[in-house]
file my_file36.txt (compact mmCIF, C-alpha atoms)
# COMPACT_ATOMS: atom_id res chain seq x y z
CA MET A 1 13.97 -22.82 -17.64
CA SER A 2 13.05 -25.42 -15.08
CA ASP A 3 12.97 -28.14 -17.70
CA ASP A 4 15.72 -30.52 -16.75
CA LEU A 5 15.53 -32.24 -20.11
CA GLU A 6 16.38 -28.98 -21.86
CA SER A 7 19.77 -28.66 -20.18
CA ARG A 8 20.67 -32.34 -20.62
CA LEU A 9 19.43 -32.59 -24.18
CA ARG A 10 20.90 -29.31 -25.34
CA GLY A 11 24.41 -30.16 -24.20
CA LEU A 12 24.25 -33.47 -26.03
CA TRP A 13 22.70 -31.86 -29.07
CA VAL A 14 25.43 -29.28 -29.49
CA LEU A 15 28.01 -32.09 -29.36
CA ALA A 16 25.94 -34.11 -31.83
CA GLN A 17 25.73 -31.20 -34.27
CA SER A 18 29.51 -31.09 -34.36
CA GLY A 19 29.68 -34.78 -35.24
CA ASP A 20 29.82 -36.62 -31.88
CA GLU A 21 27.98 -39.82 -32.71
CA ALA A 22 27.65 -41.13 -29.15
CA ALA A 23 26.18 -37.82 -28.02
CA TYR A 24 23.73 -37.92 -30.93
CA ARG A 25 22.63 -41.44 -29.98
CA SER A 26 22.04 -40.36 -26.37
CA ALA A 27 20.24 -37.23 -27.52
CA LEU A 28 17.90 -39.16 -29.82
CA THR A 29 17.22 -41.72 -27.08
CA LEU A 30 16.28 -38.93 -24.66
CA ALA A 31 14.22 -37.22 -27.34
CA ALA A 32 12.39 -40.48 -28.08
CA ALA A 33 11.43 -40.85 -24.41
CA ARG A 34 10.13 -37.29 -24.32
CA LEU A 35 8.23 -37.71 -27.58
CA ARG A 36 6.62 -40.89 -26.27
CA GLY A 37 5.38 -38.95 -23.27
CA TYR A 38 4.22 -36.11 -25.50
CA PHE A 39 2.17 -38.33 -27.79
CA LEU A 40 0.89 -40.65 -25.04
CA ARG A 41 -0.54 -37.71 -23.18
CA ARG A 42 -2.39 -36.52 -26.26
CA MET A 43 -3.50 -39.90 -27.55
CA ARG A 44 -4.78 -41.78 -24.57
CA THR A 45 -7.64 -43.00 -26.73
CA GLN A 46 -5.37 -44.60 -29.32
CA PRO A 47 -2.06 -45.55 -27.74
CA ASP A 48 -1.42 -48.05 -30.54
CA ASP A 49 -0.36 -45.22 -32.82
CA VAL A 50 2.05 -43.64 -30.36
CA GLU A 51 5.20 -45.54 -31.26
CA ASP A 52 4.64 -45.04 -34.99
CA LEU A 53 4.42 -41.29 -34.39
CA VAL A 54 7.54 -41.38 -32.22
CA GLN A 55 9.47 -43.06 -35.01
CA GLU A 56 8.13 -40.78 -37.72
CA THR A 57 9.03 -37.75 -35.61
CA LEU A 58 12.53 -39.05 -34.88
CA LEU A 59 13.14 -39.49 -38.59
CA THR A 60 11.96 -35.93 -39.23
CA ILE A 61 14.14 -34.60 -36.41
CA HIS A 62 17.12 -36.28 -38.01
CA LEU A 63 16.35 -34.97 -41.50
CA GLN A 64 15.67 -31.48 -40.14
CA ARG A 65 18.75 -31.29 -37.90
CA ALA A 66 19.95 -28.21 -39.77
CA THR A 67 16.83 -26.20 -38.88
CA TYR A 68 17.66 -26.11 -35.16
CA ASP A 69 18.92 -22.67 -34.20
CA PRO A 70 21.40 -23.10 -31.31
CA ALA A 71 20.38 -19.71 -29.92
CA LEU A 72 16.92 -21.05 -29.05
CA PRO A 73 15.68 -23.77 -26.64
CA LEU A 74 15.99 -27.23 -28.09
CA THR A 75 12.78 -28.49 -26.52
CA ALA A 76 10.82 -25.70 -28.23
CA TRP A 77 12.12 -26.94 -31.58
CA LEU A 78 11.44 -30.56 -30.64
CA HIS A 79 7.89 -29.86 -29.47
CA ALA A 80 7.14 -27.79 -32.56
CA ILE A 81 8.06 -30.77 -34.73
CA ALA A 82 6.08 -33.16 -32.50
CA ARG A 83 3.07 -30.86 -32.56
CA HIS A 84 3.24 -30.58 -36.35
CA LYS A 85 3.43 -34.36 -36.67
CA PHE A 86 0.55 -34.82 -34.26
CA ILE A 87 -1.71 -32.38 -36.14
CA ASP A 88 -0.69 -34.00 -39.42
CA PHE A 89 -1.60 -37.37 -37.92
CA LEU A 90 -5.04 -36.11 -36.90
CA ARG A 91 -5.63 -34.67 -40.34
CA ARG A 92 -4.54 -37.88 -42.04
CA HIS A 93 -6.86 -39.92 -39.92
CA GLY A 94 -9.68 -37.44 -40.24
CA ARG A 95 -10.74 -37.79 -36.66
CA SER A 96 -9.76 -34.55 -35.07
CA GLY A 97 -13.41 -34.03 -34.13
CA ALA A 98 -13.77 -37.42 -32.51
CA LEU A 99 -10.56 -37.18 -30.60
CA HIS A 100 -10.90 -36.00 -27.06
CA ASP A 101 -7.24 -35.54 -26.49
CA SER A 102 -5.81 -32.09 -26.29
CA ILE A 103 -3.66 -30.46 -28.95
CA ASP A 104 -3.03 -27.55 -26.63
CA ASP A 105 0.37 -27.24 -25.19
CA VAL A 106 0.62 -28.09 -21.56
CA ASP A 107 3.46 -27.45 -19.18
CA GLU A 108 5.97 -29.66 -20.93
CA THR A 109 8.16 -29.93 -17.88
CA LEU A 110 5.40 -32.05 -16.35
CA LEU A 111 5.32 -34.47 -19.26
CA PRO A 112 6.14 -38.05 -18.47
CA VAL A 113 9.33 -39.39 -19.93
CA VAL A 114 8.55 -42.90 -21.12
CA GLU A 115 11.70 -44.80 -21.75
CA HIS A 116 10.51 -48.25 -22.69
CA ASP A 117 9.59 -48.84 -26.32
CA LEU A 118 5.96 -49.42 -27.07
CA THR A 119 5.23 -51.59 -30.06
CA ALA A 120 5.29 -49.89 -33.42
CA ARG A 121 2.63 -51.17 -35.79
CA ARG A 122 4.56 -50.26 -38.85
CA ASP A 123 7.95 -51.78 -39.52
CA ILE A 124 10.46 -49.28 -40.85
CA GLY A 125 12.82 -52.20 -41.51
CA LYS A 126 10.35 -53.54 -44.09
CA LEU A 127 9.97 -50.11 -45.66
CA LEU A 128 13.75 -50.00 -45.97
CA ASP A 129 13.58 -53.05 -48.24
CA ARG A 130 11.28 -51.19 -50.61
CA LEU A 131 13.75 -48.35 -51.24
CA PRO A 132 15.47 -48.08 -54.62
CA ALA A 133 18.50 -50.39 -54.69
CA GLU A 134 21.14 -47.65 -54.57
CA GLN A 135 19.58 -45.86 -51.61
CA ARG A 136 18.92 -49.08 -49.73
CA GLN A 137 22.48 -50.23 -50.29
CA ALA A 138 23.94 -46.93 -49.12
CA ILE A 139 21.89 -47.07 -45.92
CA LEU A 140 22.71 -50.73 -45.29
CA ASP A 141 26.42 -50.22 -45.94
CA THR A 142 26.95 -47.17 -43.78
CA LYS A 143 24.29 -47.46 -41.12
CA ILE A 144 23.82 -51.19 -40.57
CA GLU A 145 27.01 -52.87 -41.73
CA GLY A 146 29.08 -50.02 -40.40
CA LEU A 147 31.27 -49.25 -43.39
CA SER A 148 32.75 -45.79 -43.51
CA VAL A 149 31.45 -43.52 -46.23
CA ALA A 150 34.73 -44.02 -48.11
CA GLU A 151 34.39 -47.81 -47.90
CA ALA A 152 30.76 -47.71 -48.99
CA ALA A 153 31.75 -45.47 -51.90
CA ALA A 154 34.49 -47.89 -52.97
CA ARG A 155 32.10 -50.83 -52.75
CA SER A 156 29.36 -49.21 -54.81
CA GLY A 157 31.67 -47.39 -57.22
CA ALA A 158 30.07 -44.03 -56.42
CA SER A 159 31.68 -40.92 -54.99
CA GLU A 160 31.58 -40.26 -51.25
CA SER A 161 29.21 -37.35 -51.67
CA ALA A 162 26.94 -39.53 -53.81
CA VAL A 163 26.79 -42.09 -50.98
CA LYS A 164 25.87 -39.37 -48.48
CA VAL A 165 23.20 -38.03 -50.82
CA ARG A 166 21.76 -41.54 -51.30
CA VAL A 167 21.54 -42.10 -47.56
CA HIS A 168 19.81 -38.75 -47.10
CA ARG A 169 17.43 -39.27 -50.03
CA GLY A 170 16.60 -42.76 -48.81
CA LEU A 171 15.72 -41.46 -45.34
CA GLN A 172 13.69 -38.66 -46.93
CA ARG A 173 11.75 -41.21 -48.93
CA LEU A 174 11.11 -43.27 -45.81
CA ALA A 175 9.77 -40.17 -44.08
CA ALA A 176 7.50 -39.43 -47.04
CA TRP A 177 6.17 -42.98 -46.94
CA LEU A 178 5.50 -42.74 -43.24
CA ARG A 179 3.53 -39.58 -43.89
CA SER A 180 1.47 -40.92 -46.75
CA GLU A 181 0.62 -44.21 -45.09
CA ALA A 182 -2.49 -43.82 -43.03
CA MET B 1 11.97 -52.06 -36.32
CA LYS B 2 12.10 -51.00 -32.70
CA THR B 3 12.52 -47.35 -31.88
CA GLN B 4 15.91 -47.95 -30.27
CA GLU B 5 17.07 -49.63 -33.49
CA LEU B 6 15.90 -46.63 -35.46
CA VAL B 7 17.85 -44.36 -33.10
CA GLU B 8 20.97 -46.47 -33.68
CA LEU B 9 20.45 -46.32 -37.43
CA LEU B 10 19.93 -42.56 -37.48
CA ALA B 11 22.86 -41.81 -35.20
CA TYR B 12 25.31 -44.18 -36.81
CA ARG B 13 27.80 -42.23 -38.93
CA ALA B 14 25.42 -39.29 -38.88
CA GLY B 15 28.30 -36.85 -39.19
CA PRO B 16 28.27 -33.17 -38.28
CA VAL B 17 25.66 -30.66 -39.39
CA ALA B 18 27.09 -28.08 -41.77
CA PRO B 19 27.03 -24.71 -40.00
CA ARG B 20 24.48 -22.23 -41.34
CA ALA B 21 23.07 -24.89 -43.67
CA VAL B 22 19.63 -23.25 -43.83
CA GLN B 23 21.02 -19.78 -44.58
CA ARG B 24 23.28 -21.14 -47.29
CA ARG B 25 20.48 -23.08 -48.95
CA LEU B 26 18.21 -20.02 -48.98
CA ALA B 27 20.99 -17.65 -50.06
CA GLY B 28 21.93 -19.95 -52.94
CA ALA B 29 18.35 -20.02 -54.20
CA ALA B 30 17.99 -16.25 -53.81
CA LEU B 31 21.23 -15.49 -55.62
CA ALA B 32 20.43 -17.82 -58.52
CA GLY B 33 16.98 -16.22 -58.83
CA LEU B 34 18.47 -12.72 -58.86
CA VAL B 35 20.97 -13.67 -61.55
CA ALA B 36 18.21 -15.26 -63.65
CA ALA B 37 16.06 -12.11 -63.42
CA ALA B 38 19.04 -9.87 -64.27
CA ILE B 39 19.78 -11.99 -67.34
CA VAL B 40 16.16 -11.64 -68.47
CA ILE B 41 16.52 -7.83 -68.29
CA ILE B 42 19.92 -7.78 -70.00
CA VAL B 43 19.03 -10.00 -72.94
CA GLY B 44 15.42 -8.76 -73.08
CA PRO B 45 14.55 -5.07 -72.90
CA GLY B 46 18.13 -4.10 -72.02
CA VAL B 47 19.69 -2.04 -69.26
CA ASN B 48 18.65 1.60 -69.01
CA PRO B 49 21.54 3.48 -70.72
CA GLN B 50 21.14 6.40 -68.29
CA LEU B 51 21.46 4.12 -65.27
CA GLY B 52 24.94 5.30 -64.31
CA ALA B 53 23.90 8.95 -64.41
CA MET B 54 20.85 8.46 -62.16
CA GLY B 55 22.77 9.16 -58.96
CA ALA B 56 20.99 9.50 -55.61
CA PRO B 57 17.57 8.17 -56.74
CA LEU B 58 19.22 4.93 -57.88
CA ILE B 59 21.09 4.60 -54.61
CA GLN B 60 17.87 5.18 -52.63
CA LYS B 61 16.10 2.59 -54.75
CA LEU B 62 18.83 -0.01 -54.40
CA ALA B 63 19.19 0.66 -50.66
CA TYR B 64 15.45 0.14 -50.13
CA LEU B 65 15.32 -3.04 -52.18
CA GLY B 66 18.52 -4.41 -50.69
CA ALA B 67 17.28 -3.77 -47.15
CA LEU B 68 13.90 -5.27 -48.03
CA ALA B 69 15.61 -8.38 -49.42
CA LEU B 70 17.71 -8.77 -46.26
CA ALA B 71 14.71 -8.33 -43.95
CA ALA B 72 12.54 -10.68 -46.01
CA GLY B 73 15.43 -13.14 -46.17
CA TRP B 74 15.69 -13.09 -42.39
CA LEU B 75 11.92 -13.65 -42.17
CA THR B 76 12.16 -16.54 -44.65
CA ASP B 77 14.89 -18.15 -42.56
CA ARG B 78 12.85 -17.84 -39.35
CA ALA B 79 9.66 -19.07 -41.00
CA SER B 80 11.39 -22.13 -42.51
CA ARG B 81 12.26 -23.60 -39.11
CA PRO B 82 9.81 -25.25 -36.74
CA GLY B 83 8.87 -23.42 -33.58
CA VAL B 84 11.04 -20.38 -34.23
CA PRO B 85 9.47 -16.99 -33.50
CA SER B 86 9.45 -14.67 -36.50
CA ALA B 87 7.98 -11.49 -35.00
CA ALA B 88 11.30 -9.61 -34.89
CA ALA B 89 12.03 -10.47 -38.52
CA ALA B 90 8.52 -9.43 -39.55
CA ALA B 91 9.00 -6.14 -37.69
CA SER B 92 12.22 -5.53 -39.61
CA VAL B 93 10.31 -5.85 -42.90
CA VAL B 94 7.77 -3.30 -41.68
CA GLY B 95 10.61 -1.07 -40.48
CA VAL B 96 12.27 -1.04 -43.92
CA PHE B 97 8.95 -0.19 -45.54
CA LEU B 98 8.27 2.63 -43.07
CA ALA B 99 11.73 4.12 -43.58
CA MET B 100 11.10 4.26 -47.33
CA ALA B 101 7.60 5.66 -46.68
CA GLY B 102 9.20 8.45 -44.64
CA LEU B 103 11.55 9.33 -47.50
CA ALA B 104 8.65 9.23 -49.98
CA CYS B 105 6.55 11.54 -47.80
CA VAL B 106 9.38 14.05 -47.52
CA THR B 107 9.79 14.22 -51.30
CA LEU B 108 6.04 14.52 -51.84
CA ILE B 109 5.65 17.28 -49.25
CA SER B 110 8.62 19.26 -50.49
CA ALA B 111 7.56 18.92 -54.14
CA PRO B 112 6.25 21.99 -56.01
CA ALA B 113 2.46 22.24 -56.20
CA GLY B 114 1.00 19.99 -58.88
CA ARG B 115 4.04 17.71 -59.11
CA ALA B 116 2.93 15.16 -56.55
CA GLY B 117 0.91 13.21 -59.12
CA ILE B 118 3.94 12.83 -61.39
CA LEU B 119 6.15 11.78 -58.49
CA LEU B 120 3.65 9.14 -57.47
CA LEU B 121 2.68 7.74 -60.85
CA GLY B 122 5.72 8.43 -63.03
CA SER B 123 5.22 7.16 -66.57
CA SER B 124 5.18 3.42 -65.93
CA TRP B 125 3.04 2.81 -62.85
CA SER B 126 0.61 0.55 -64.64
CA SER B 127 3.21 -1.91 -65.87
CA CYS B 128 5.84 -1.77 -63.10
CA PRO B 129 4.25 -4.09 -60.49
CA TRP B 130 3.39 -6.80 -63.03
CA ARG B 131 6.86 -6.80 -64.53
CA ILE B 132 8.43 -7.05 -61.08
CA ALA B 133 6.12 -9.91 -60.15
CA LEU B 134 7.09 -11.77 -63.34
CA LEU B 135 10.80 -11.16 -62.74
CA SER B 136 10.36 -12.57 -59.22
CA ALA B 137 9.15 -15.91 -60.51
CA PRO B 138 12.56 -17.63 -60.87
CA ALA B 139 13.64 -16.68 -57.34
CA LEU B 140 10.25 -17.66 -55.92
CA GLY B 141 10.38 -21.07 -57.58
CA LEU B 142 13.93 -21.75 -56.37
CA LEU B 143 13.17 -20.55 -52.84
CA LEU B 144 10.04 -22.70 -52.54
CA TRP B 145 12.07 -25.64 -53.81
CA ALA B 146 14.67 -24.99 -51.11
CA ILE B 147 12.06 -24.55 -48.36
CA ARG B 148 10.43 -27.84 -49.32
CA THR B 149 13.50 -29.52 -47.80
CA LEU B 150 13.02 -27.53 -44.56
CA ALA B 151 10.25 -27.57 -41.99
CA PRO B 152 8.18 -24.35 -41.90
CA SER B 153 5.72 -24.04 -39.00
CA SER B 154 3.24 -22.51 -41.42
CA GLY B 155 3.33 -23.10 -45.17
CA TRP B 156 1.65 -19.87 -46.14
CA VAL B 157 3.81 -17.71 -43.87
CA ALA B 158 7.02 -19.23 -45.23
CA GLY B 159 5.64 -18.91 -48.77
CA PHE B 160 4.71 -15.26 -48.15
CA ALA B 161 8.19 -14.50 -46.81
CA ALA B 162 9.85 -16.28 -49.73
CA GLY B 163 7.59 -14.37 -52.14
CA LEU B 164 8.52 -11.07 -50.55
CA LEU B 165 12.22 -11.91 -50.79
CA ALA B 166 11.77 -12.99 -54.41
CA GLY B 167 9.81 -9.77 -55.04
CA ALA B 168 12.66 -7.62 -53.68
CA LEU B 169 15.11 -9.52 -55.88
CA GLY B 170 12.88 -9.19 -58.94
CA ALA B 171 12.61 -5.46 -58.21
CA LEU B 172 16.39 -5.18 -57.95
CA ALA B 173 16.70 -6.70 -61.41
CA TYR B 174 13.92 -4.46 -62.71
CA SER B 175 15.73 -1.36 -61.48
CA LEU B 176 18.42 -2.08 -64.08
CA TYR B 177 15.80 -1.22 -66.71
CA CYS B 178 13.46 1.23 -64.99
CA THR B 179 13.87 4.98 -65.54
CA GLU B 180 11.71 6.17 -62.62
CA THR B 181 13.53 8.21 -59.98
CA SER B 182 10.89 9.21 -57.40
CA PRO B 183 11.02 7.48 -53.97
CA ALA B 184 7.22 7.71 -53.84
CA PHE B 185 7.00 5.74 -57.07
CA VAL B 186 9.39 3.11 -55.76
CA LEU B 187 7.54 2.87 -52.47
CA VAL B 188 4.11 2.32 -54.03
CA TRP B 189 4.74 0.45 -57.26
CA TYR B 190 7.90 -1.52 -56.55
CA SER B 191 6.41 -2.60 -53.24
CA SER B 192 3.19 -3.58 -54.99
CA GLY B 193 5.17 -5.82 -57.32
CA ALA B 194 6.91 -7.43 -54.36
CA LEU B 195 3.55 -7.84 -52.64
CA LEU B 196 2.09 -9.61 -55.68
CA SER B 197 4.99 -12.04 -55.52
CA ALA B 198 4.45 -12.47 -51.77
CA LEU B 199 0.77 -13.28 -52.30
CA ALA B 200 1.66 -15.82 -54.97
CA GLY B 201 4.20 -17.29 -52.55
CA ALA B 202 1.61 -17.54 -49.77
CA ALA B 203 -0.87 -19.31 -52.06
CA LEU B 204 1.76 -21.74 -53.33
CA GLY B 205 3.34 -22.20 -49.91
CA SER B 206 0.14 -23.29 -48.23
CA ARG B 207 -0.09 -26.14 -50.75
CA LEU B 208 3.53 -27.06 -51.40
CA LEU B 209 5.31 -26.52 -48.11
CA THR B 210 3.98 -29.53 -46.25
CA TRP B 211 6.17 -31.93 -44.35
call {"tool": "encode", "arguments": {"input": "my_file36.txt", "output": "C-alpha cells"}}
result
Amino acid sequence: MSDDLESRLRGLWVLAQSGDEAAYRSALTLAAARLRGYFLRRMRTQPDDVEDLVQETLLTIHLQRATYDPALPLTAWLHAIARHKFIDFLRRHGRSGALHDSIDDVDETLLPVVEHDLTARRDIGKLLDRLPAEQRQAILDTKIEGLSVAEAAARSGASESAVKVRVHRGLQRLAAWLRSEA
Amino acid sequence: MKTQELVELLAYRAGPVAPRAVQRRLAGAALAGLVAAAIVIIVGPGVNPQLGAMGAPLIQKLAYLGALALAAGWLTDRASRPGVPSAAAAASVVGVFLAMAGLACVTLISAPAGRAGILLLGSSWSSCPWRIALLSAPALGLLLWAIRTLAPSSGWVAGFAAGLLAGALGALAYSLYCTETSPAFVLVWYSSGALLSALAGAALGSRLLTW
C-alpha cells in the first residue's frame, strides 16, 4: 500500500495495543490529523462541525480499540469508523440531501493531513463535569491528575477493576452524549 | 477541550488491549446462551432417553450444528468490527449448509421408494423450527447485548449473524430432546429454526446495534 500513514500508524498502533502509552499518544495524534483531513474534505460546506466530529471519532476509536484486527490495514478500520460517524452525523442533522459533499470514498492516500486543531464547538471538558460522580472522579484521578489505577482505587475505596470499569463507562457515556447531541 | 487535550486524556494510562477481546466477549455470550437453552430442555421436557443409542445420526447432527455455530460465530466476529470484510466467513456458513445438503441428498436418493417423505418430515417437522427459535432466544439476547459494545458496520448483518449463531446453539440444545435421525430432516427443519432466529436477529440488530 502506498499510504505512508498506514505504515507509520500501524507500527505505533501495535505498540499501543500492547500498552505503550507514548506510542498510543502519537498514534492518536496522527489519527486525529488524518480524520481532520477526512472530514474537512467531505464537509467543505460546514467546516464548523469538523473538529466536533474528529473528537467524537477519536473517542469511539479509543472505546473500540479491541475491534481492530491486526491482520488487516489500520487505515481501513479507521476510515470505516470515520465513515460511520460521518453518515451518522448527516442522519442526525437531517441534511444529507442538502449536502453537496461526497460520502464516497476517495483515494485516501491523497487526503490532506491537517495537524493544527480547528475549534471544537462542543466542550468535552464541560460534558465531563456532568458525568456521575464516581465516573467523573475515576477519569479525573487516573487521566488528569495522573494517579495510577491502584492509587485511584485506594483514594476512592473501590477495587482496581472497578476504577477501570468506571473510566470506561464514563467515556462510553461521553460518547453516547456526543452522539445524541445534535 | 482541544483535540490534543482529548488525545492526552485518552492515551494517558490507557493500558494494553486484552488479546482476542472481541472473540472472548462473543464466546462468553454464546456459551452462556447454550447453557441456558440446555437447562430449559433438561428441566422442561427432559433429555431423550434414547439419545446415547442414536449413534451416527446424532453425530451427524451435532457435527452439522457445531460447524454451523463455528462458521456463524466467525461471521458474527467479522460483522461486529468496522470495515472488516465478512465474505469469507459468510462463504463458510454456506459451505457448512451445502455439506449437510449433500449428505441429506445422499440419504434421500438411497432411501427405499416411498420413504423419502418420512425422512424429510419425520414426526415433528411442524414444531421443530419454532422450538429451536425459542431456545435460541437466550443466546440471541446475550449476543446482541455483547455486540452493542462493539462497532458493527451494519446492524442488520451483525444481528443476522448473531441470530444464526444463536439458532445453531438453540438447535444443539434441542437435539438433546429431539428423536429425529434423518439428515434431511435436520437440514430442512433445524436450519429453518436457525433461520427464524437469524431473521429475528436481523430485525433487532438493525434497531439496537447503533453506535
call {"tool": "residues_around", "arguments": {"input": "my_file36.txt", "residues": "Thr57 (chain A)", "least_positions_apart": "4", "cutoff": "8 Å", "atoms": "all atoms listed in the file", "output": "ChimeraX atom specification"}}
result
/A:53,61,81-82,85
call {"tool": "atom_distance", "arguments": {"input": "my_file36.txt", "atom1": "CA of Leu74 (chain A)", "atom2": "CA of Leu5 (chain A)"}}
result
9.4 Å
call {"tool": "residues_around", "arguments": {"input": "my_file36.txt", "residues": "region 157-162 of chain B", "least_positions_apart": "2", "cutoff": "9 Å", "atoms": "all atoms listed in the file", "output": "PDB file with C-alpha atoms, keeping the file's coordinate frame"}}
result
ATOM      1  CA  ALA B  72      12.540 -10.680 -46.010  1.00  0.00           C
ATOM      2  CA  GLY B  73      15.430 -13.140 -46.170  1.00  0.00           C
ATOM      3  CA  TRP B  74      15.690 -13.090 -42.390  1.00  0.00           C
ATOM      4  CA  LEU B  75      11.920 -13.650 -42.170  1.00  0.00           C
ATOM      5  CA  THR B  76      12.160 -16.540 -44.650  1.00  0.00           C
ATOM      6  CA  ASP B  77      14.890 -18.150 -42.560  1.00  0.00           C
ATOM      7  CA  ARG B  78      12.850 -17.840 -39.350  1.00  0.00           C
ATOM      8  CA  ALA B  79       9.660 -19.070 -41.000  1.00  0.00           C
ATOM      9  CA  SER B  80      11.390 -22.130 -42.510  1.00  0.00           C
ATOM     10  CA  ALA B  90       8.520  -9.430 -39.550  1.00  0.00           C
ATOM     11  CA  ALA B 139      13.640 -16.680 -57.340  1.00  0.00           C
ATOM     12  CA  LEU B 140      10.250 -17.660 -55.920  1.00  0.00           C
ATOM     13  CA  LEU B 143      13.170 -20.550 -52.840  1.00  0.00           C
ATOM     14  CA  LEU B 144      10.040 -22.700 -52.540  1.00  0.00           C
ATOM     15  CA  ILE B 147      12.060 -24.550 -48.360  1.00  0.00           C
ATOM     16  CA  PRO B 152       8.180 -24.350 -41.900  1.00  0.00           C
ATOM     17  CA  SER B 153       5.720 -24.040 -39.000  1.00  0.00           C
ATOM     18  CA  SER B 154       3.240 -22.510 -41.420  1.00  0.00           C
ATOM     19  CA  GLY B 155       3.330 -23.100 -45.170  1.00  0.00           C
ATOM     20  CA  LEU B 164       8.520 -11.070 -50.550  1.00  0.00           C
ATOM     21  CA  LEU B 165      12.220 -11.910 -50.790  1.00  0.00           C
ATOM     22  CA  ALA B 166      11.770 -12.990 -54.410  1.00  0.00           C
ATOM     23  CA  GLY B 167       9.810  -9.770 -55.040  1.00  0.00           C
ATOM     24  CA  LEU B 195       3.550  -7.840 -52.640  1.00  0.00           C
ATOM     25  CA  SER B 197       4.990 -12.040 -55.520  1.00  0.00           C
ATOM     26  CA  ALA B 198       4.450 -12.470 -51.770  1.00  0.00           C
ATOM     27  CA  LEU B 199       0.770 -13.280 -52.300  1.00  0.00           C
ATOM     28  CA  ALA B 200       1.660 -15.820 -54.970  1.00  0.00           C
ATOM     29  CA  GLY B 201       4.200 -17.290 -52.550  1.00  0.00           C
ATOM     30  CA  ALA B 202       1.610 -17.540 -49.770  1.00  0.00           C
ATOM     31  CA  ALA B 203      -0.870 -19.310 -52.060  1.00  0.00           C
ATOM     32  CA  LEU B 204       1.760 -21.740 -53.330  1.00  0.00           C
ATOM     33  CA  GLY B 205       3.340 -22.200 -49.910  1.00  0.00           C
ATOM     34  CA  SER B 206       0.140 -23.290 -48.230  1.00  0.00           C
ATOM     35  CA  LEU B 208       3.530 -27.060 -51.400  1.00  0.00           C
ATOM     36  CA  LEU B 209       5.310 -26.520 -48.110  1.00  0.00           C
TER      37      LEU B 209
END
call {"tool": "interface_residues", "arguments": {"input": "my_file36.txt", "of": "chain A", "to": "chain B", "cutoff": "7 Å", "atoms": "only C-alpha atoms", "output": "ChimeraX atom specification"}}
result
/A:16-19,21,24-25,28-29,55,62,64,66-67,76-77,80-81,117,120,123-125,142-144
call {"tool": "atom_distance", "arguments": {"input": "my_file36.txt", "atom1": "CA of Ala101 (chain B)", "atom2": "CA of Tyr177 (chain B)"}}
result
22.7 Å
call {"tool": "atom_distance", "arguments": {"input": "my_file36.txt", "atom1": "CA of Leu147 (chain A)", "atom2": "CA of Leu58 (chain A)"}}
result
23.0 Å
call {"tool": "closest_residue", "arguments": {"input": "my_file36.txt", "among": "B:Leu31, B:Ala38, B:Ala194, B:Val188", "to": "Ser126 (chain B)", "atoms": "only C-alpha atoms"}}
result
B:Val188
call {"tool": "residues_around", "arguments": {"input": "my_file36.txt", "residues": "Gly122 (chain B)", "least_positions_apart": "3", "cutoff": "7 Å", "atoms": "all atoms listed in the file", "output": "PyMOL selection string"}}
result
chain B and resi 118-119+125+180+185
call {"tool": "write_last_selection", "arguments": {"input": "my_file36.txt", "atoms": "C-alpha atoms", "output": "CSV table (one decimal), in the coordinates of the input"}}
result
chain,number,residue,atom,x,y,z
B,118,ILE,CA,3.9,12.8,-61.4
B,119,LEU,CA,6.2,11.8,-58.5
B,125,TRP,CA,3.0,2.8,-62.8
B,180,GLU,CA,11.7,6.2,-62.6
B,185,PHE,CA,7.0,5.7,-57.1
call {"tool": "axis_aligned_box", "arguments": {"input": "my_file36.txt", "around": "region 101-111 of chain B", "padding_each_side": "4 Å", "output": "lines of an AutoDock Vina configuration file"}}
result
center_x = 8.6
center_y = 12.5
center_z = -49.4
size_x = 13.9
size_y = 21.6
size_z = 17.5
call {"tool": "residues_around", "arguments": {"input": "my_file36.txt", "residues": "Val114 (chain A)", "least_positions_apart": "2", "cutoff": "12 Å", "atoms": "all atoms listed in the file", "output": "number ranges by chain"}}
result
A: 29-41, 50-51, 54, 111-112, 116-118
call {"tool": "residues_around", "arguments": {"input": "my_file36.txt", "residues": "Leu51 (chain B)", "least_positions_apart": "6", "cutoff": "12 Å", "atoms": "all atoms listed in the file", "output": "number ranges by chain"}}
result
B: 57-59, 61-62, 174-181
call {"tool": "write_last_selection", "arguments": {"input": "my_file36.txt", "atoms": "C-alpha atoms", "output": "short mmCIF file (atom, residue, chain, number, x, y, z; two decimals), in the frame of the given file"}}
result
data_model
loop_
_atom_site.label_atom_id
_atom_site.label_comp_id
_atom_site.auth_asym_id
_atom_site.auth_seq_id
_atom_site.Cartn_x
_atom_site.Cartn_y
_atom_site.Cartn_z
CA PRO B 57 17.57 8.17 -56.74
CA LEU B 58 19.22 4.93 -57.88
CA ILE B 59 21.09 4.60 -54.61
CA LYS B 61 16.10 2.59 -54.75
CA LEU B 62 18.83 -0.01 -54.40
CA TYR B 174 13.92 -4.46 -62.71
CA SER B 175 15.73 -1.36 -61.48
CA LEU B 176 18.42 -2.08 -64.08
CA TYR B 177 15.80 -1.22 -66.71
CA CYS B 178 13.46 1.23 -64.99
CA THR B 179 13.87 4.98 -65.54
CA GLU B 180 11.71 6.17 -62.62
CA THR B 181 13.53 8.21 -59.98
#
